[in-house]
Amino acid sequence: MTGCLDGKIVLLTGAASGIGAASAELLLREGAVVAASDIDRSRGEKLIERLDPLQSGRIAFHEHDVADEAAWIRTIDAVLGRHGRLDVVINNAGIPPALVSLDETTLEEWRRVMAVNLDGVFLGVKHGIRAMKAHGGAIVNLSSVAGLVGMPFTGAYSPSKAGVLLLTKCAALEGAKLEHPIRVNAVHPGYIQTDMVASISEILGAERFERRVRQTVPLQRVGSPFQIAEAIVFLAGDRSQFTTGSSLVVDGGWTAQ
């Protein structure tokens, strides 16, 4: 897919680590100009230090809490002020589940997860459409296999990711009717080598987690962040220009069962 995003201005949230960091690197390799945002300034600046020398200044970091609407407005205004346009929004930022039963899930925990995983995506869709409706563009939302199938001890996380799926479909229908269409699609990762999955492994114990992966994932392994990044780049670029409202599942066969 070399050069499939040449010159496109991309806002990527949750860019400082995991799938976000892999996506930032692949977006740059495909020719994009990347506004990499994250709530973690330290890790975000380290990402820029690692990638910028290789990419001729085509990446910049923005400190950004996706649950804060004012922060969305500031970030998008900064991107528009610097580049004059925005072509792609990738709503990648998310937080992990607490892995507790529903009867032990507090209202505060529910709202904490929803604020980032669903409200943050809603705000990205809302303000992304406002910024791109004059010329069209693409939005890619990160959901999860947990948004497609139920599982225990994810009583806040799974509904937040299922909400992303339906938000994506609603936004895709609205975006298709604009004078300059905006495509909206979702990616559903399974178990991927990220800090989030590492935290789940730590809570469950490495042996129990490995057993769970073997039992749950037909390919019997954890995926790479770059395998998700490739799906994101495809949906962000013009090679998917007839694709909107779709769910691209990258889960090693988990949801085929």
# chains A, B, ... in the order shown; residues from 1 in each chain; ligands from 1
call {"tool": "closest_atom_pairs", "arguments": {"of": "region 57-134 of chain A", "to": "region 151-175 of chain A", "cutoff": "7 Å", "atoms": "only C-alpha atoms", "output": "tab-separated table"}}
result
residue	atom	partner	partner_atom	distance
A:Pro97	CA	A:Tyr157	CA	5.3
A:Leu99	CA	A:Phe153	CA	4.7
A:Val100	CA	A:Phe153	CA	4.8
A:Ser101	CA	A:Phe153	CA	4.7
A:Leu102	CA	A:Gly155	CA	5.6
A:Trp110	CA	A:Ala156	CA	5.2
A:Val113	CA	A:Tyr157	CA	6.4
A:Met114	CA	A:Ser160	CA	5.6
A:Asn117	CA	A:Ser160	CA	5.8
A:Leu118	CA	A:Ser160	CA	5.4
call {"tool": "residues_around", "arguments": {"residues": "region 122-126 of chain A", "least_positions_apart": "6", "cutoff": "12 Å", "atoms": "only C-alpha atoms", "output": "PyMOL selection string"}}
result
chain A and resi 11-14+37+64-73+75-76+88-93+114-116+132-133+137-142+160-161+163-172+174-175+182-186
call {"tool": "residues_around", "arguments": {"residues": "Arg211 (chain A)", "least_positions_apart": "6", "cutoff": "12 Å", "atoms": "only C-alpha atoms", "output": "ChimeraX atom specification"}}
result
/A:201,204-205,217,220-222
call {"tool": "closest_residue", "arguments": {"among": "A:Asp119, A:Glu30, A:Gly18, A:Arg212", "to": "Asp238 (chain A)", "atoms": "only C-alpha atoms"}}
result
A:Glu30
call {"tool": "residues_around", "arguments": {"residues": "Leu80 (chain A)", "least_positions_apart": "3", "cutoff": "12 Å", "atoms": "only C-alpha atoms", "output": "number ranges by chain"}}
result
A: 9-11, 35, 73-77, 83-87, 127-128, 130-132
call {"tool": "residues_around", "arguments": {"residues": "Val233 (chain A)", "least_positions_apart": "5", "cutoff": "10 Å", "atoms": "only C-alpha atoms", "output": "PyMOL selection string"}}
result
chain A and resi 1+4-5+23-24+26-27+30+32+90+140+228+238-240
call {"tool": "select_by_dssp", "arguments": {"residues": "region 53-248 of chain A", "states": "alpha helix (DSSP H)", "output": "PyMOL selection string"}}
result
chain A and resi 53-55+69-83+107-114+120-132+157-176+195-204+206-216+225-236
call {"tool": "closest_residue", "arguments": {"among": "A:Ser143, A:Gln193, A:Ser17, A:Thr216", "to": "Lys46 (chain A)", "atoms": "only C-alpha atoms"}}
result
A:Ser17
call {"tool": "residues_around", "arguments": {"residues": "His180 (chain A)", "least_positions_apart": "6", "cutoff": "7 Å", "atoms": "only C-alpha atoms", "output": "list in words"}}
result
Lys133, Ala134, His135 and Gly136 of chain A
call {"tool": "closest_residue", "arguments": {"among": "A:Val34, A:Ala198, A:Ala98, A:Ala229", "to": "Gly7 (chain A)", "atoms": "only C-alpha atoms"}}
result
A:Val34
call {"tool": "select_by_dssp", "arguments": {"residues": "region 66-221 of chain A", "states": "strand (DSSP E)", "output": "PyMOL selection string"}}
result
chain A and resi 88-91+137-142+182-189
call {"tool": "write_last_selection", "arguments": {"atoms": "N, CA and C atoms", "output": "PDB file, in the first residue's frame"}}
result
ATOM      1  N   VAL A  88      -8.684  12.863   7.433  1.00  0.00           N
ATOM      2  CA  VAL A  88      -8.980  11.587   8.086  1.00  0.00           C
ATOM      3  C   VAL A  88      -8.945  11.785   9.604  1.00  0.00           C
ATOM      4  N   VAL A  89      -9.909  11.199  10.293  1.00  0.00           N
ATOM      5  CA  VAL A  89      -9.881  11.118  11.762  1.00  0.00           C
ATOM      6  C   VAL A  89      -9.890   9.642  12.149  1.00  0.00           C
ATOM      7  N   ILE A  90      -8.934   9.258  12.972  1.00  0.00           N
ATOM      8  CA  ILE A  90      -8.865   7.883  13.471  1.00  0.00           C
ATOM      9  C   ILE A  90      -9.083   7.915  14.977  1.00  0.00           C
ATOM     10  N   ASN A  91     -10.245   7.427  15.411  1.00  0.00           N
ATOM     11  CA  ASN A  91     -10.611   7.419  16.823  1.00  0.00           C
ATOM     12  C   ASN A  91     -10.106   6.130  17.472  1.00  0.00           C
ATOM     13  N   GLY A 137     -14.034  13.107   3.347  1.00  0.00           N
ATOM     14  CA  GLY A 137     -12.934  12.490   4.084  1.00  0.00           C
ATOM     15  C   GLY A 137     -13.309  11.113   4.578  1.00  0.00           C
ATOM     16  N   ALA A 138     -12.589  10.664   5.598  1.00  0.00           N
ATOM     17  CA  ALA A 138     -12.814   9.327   6.155  1.00  0.00           C
ATOM     18  C   ALA A 138     -12.628   9.362   7.661  1.00  0.00           C
ATOM     19  N   ILE A 139     -13.428   8.569   8.350  1.00  0.00           N
ATOM     20  CA  ILE A 139     -13.312   8.389   9.798  1.00  0.00           C
ATOM     21  C   ILE A 139     -13.189   6.895  10.066  1.00  0.00           C
ATOM     22  N   VAL A 140     -12.235   6.524  10.900  1.00  0.00           N
ATOM     23  CA  VAL A 140     -12.056   5.132  11.299  1.00  0.00           C
ATOM     24  C   VAL A 140     -12.181   5.066  12.816  1.00  0.00           C
ATOM     25  N   ASN A 141     -13.120   4.267  13.300  1.00  0.00           N
ATOM     26  CA  ASN A 141     -13.358   4.121  14.731  1.00  0.00           C
ATOM     27  C   ASN A 141     -12.874   2.760  15.211  1.00  0.00           C
ATOM     28  N   LEU A 142     -12.151   2.748  16.320  1.00  0.00           N
ATOM     29  CA  LEU A 142     -11.681   1.484  16.891  1.00  0.00           C
ATOM     30  C   LEU A 142     -12.713   0.952  17.872  1.00  0.00           C
ATOM     31  N   ILE A 182     -18.444  11.608   3.514  1.00  0.00           N
ATOM     32  CA  ILE A 182     -17.451  11.201   4.510  1.00  0.00           C
ATOM     33  C   ILE A 182     -17.721   9.743   4.839  1.00  0.00           C
ATOM     34  N   ARG A 183     -16.744   8.899   4.585  1.00  0.00           N
ATOM     35  CA  ARG A 183     -16.893   7.473   4.880  1.00  0.00           C
ATOM     36  C   ARG A 183     -16.559   7.219   6.350  1.00  0.00           C
ATOM     37  N   VAL A 184     -17.319   6.337   6.985  1.00  0.00           N
ATOM     38  CA  VAL A 184     -17.104   6.020   8.397  1.00  0.00           C
ATOM     39  C   VAL A 184     -17.126   4.510   8.568  1.00  0.00           C
ATOM     40  N   ASN A 185     -16.050   3.953   9.089  1.00  0.00           N
ATOM     41  CA  ASN A 185     -15.925   2.507   9.263  1.00  0.00           C
ATOM     42  C   ASN A 185     -15.339   2.173  10.635  1.00  0.00           C
ATOM     43  N   ALA A 186     -15.500   0.924  11.036  1.00  0.00           N
ATOM     44  CA  ALA A 186     -15.008   0.468  12.335  1.00  0.00           C
ATOM     45  C   ALA A 186     -14.042  -0.694  12.162  1.00  0.00           C
ATOM     46  N   VAL A 187     -13.055  -0.752  13.034  1.00  0.00           N
ATOM     47  CA  VAL A 187     -12.132  -1.882  13.121  1.00  0.00           C
ATOM     48  C   VAL A 187     -12.342  -2.558  14.465  1.00  0.00           C
ATOM     49  N   HIS A 188     -12.389  -3.897  14.452  1.00  0.00           N
ATOM     50  CA  HIS A 188     -12.635  -4.668  15.664  1.00  0.00           C
ATOM     51  C   HIS A 188     -11.441  -5.585  15.939  1.00  0.00           C
ATOM     52  N   PRO A 189     -10.476  -5.132  16.730  1.00  0.00           N
ATOM     53  CA  PRO A 189      -9.347  -6.015  17.065  1.00  0.00           C
ATOM     54  C   PRO A 189      -9.749  -7.077  18.078  1.00  0.00           C
TER      55      PRO A 189
END
call {"tool": "closest_residue", "arguments": {"among": "A:Leu219, A:Arg58, A:Ile192, A:Val145", "to": "Ser247 (chain A)", "atoms": "only C-alpha atoms"}}
result
A:Val145
call {"tool": "closest_residue", "arguments": {"among": "A:Ala236, A:Ala36, A:Leu107, A:Ala146", "to": "Asp6 (chain A)", "atoms": "only C-alpha atoms"}}
result
A:Ala236
call {"tool": "atom_distance", "arguments": {"atom1": "CA of Asp38 (chain A)", "atom2": "CA of Ile19 (chain A)"}}
result
12.4 Å
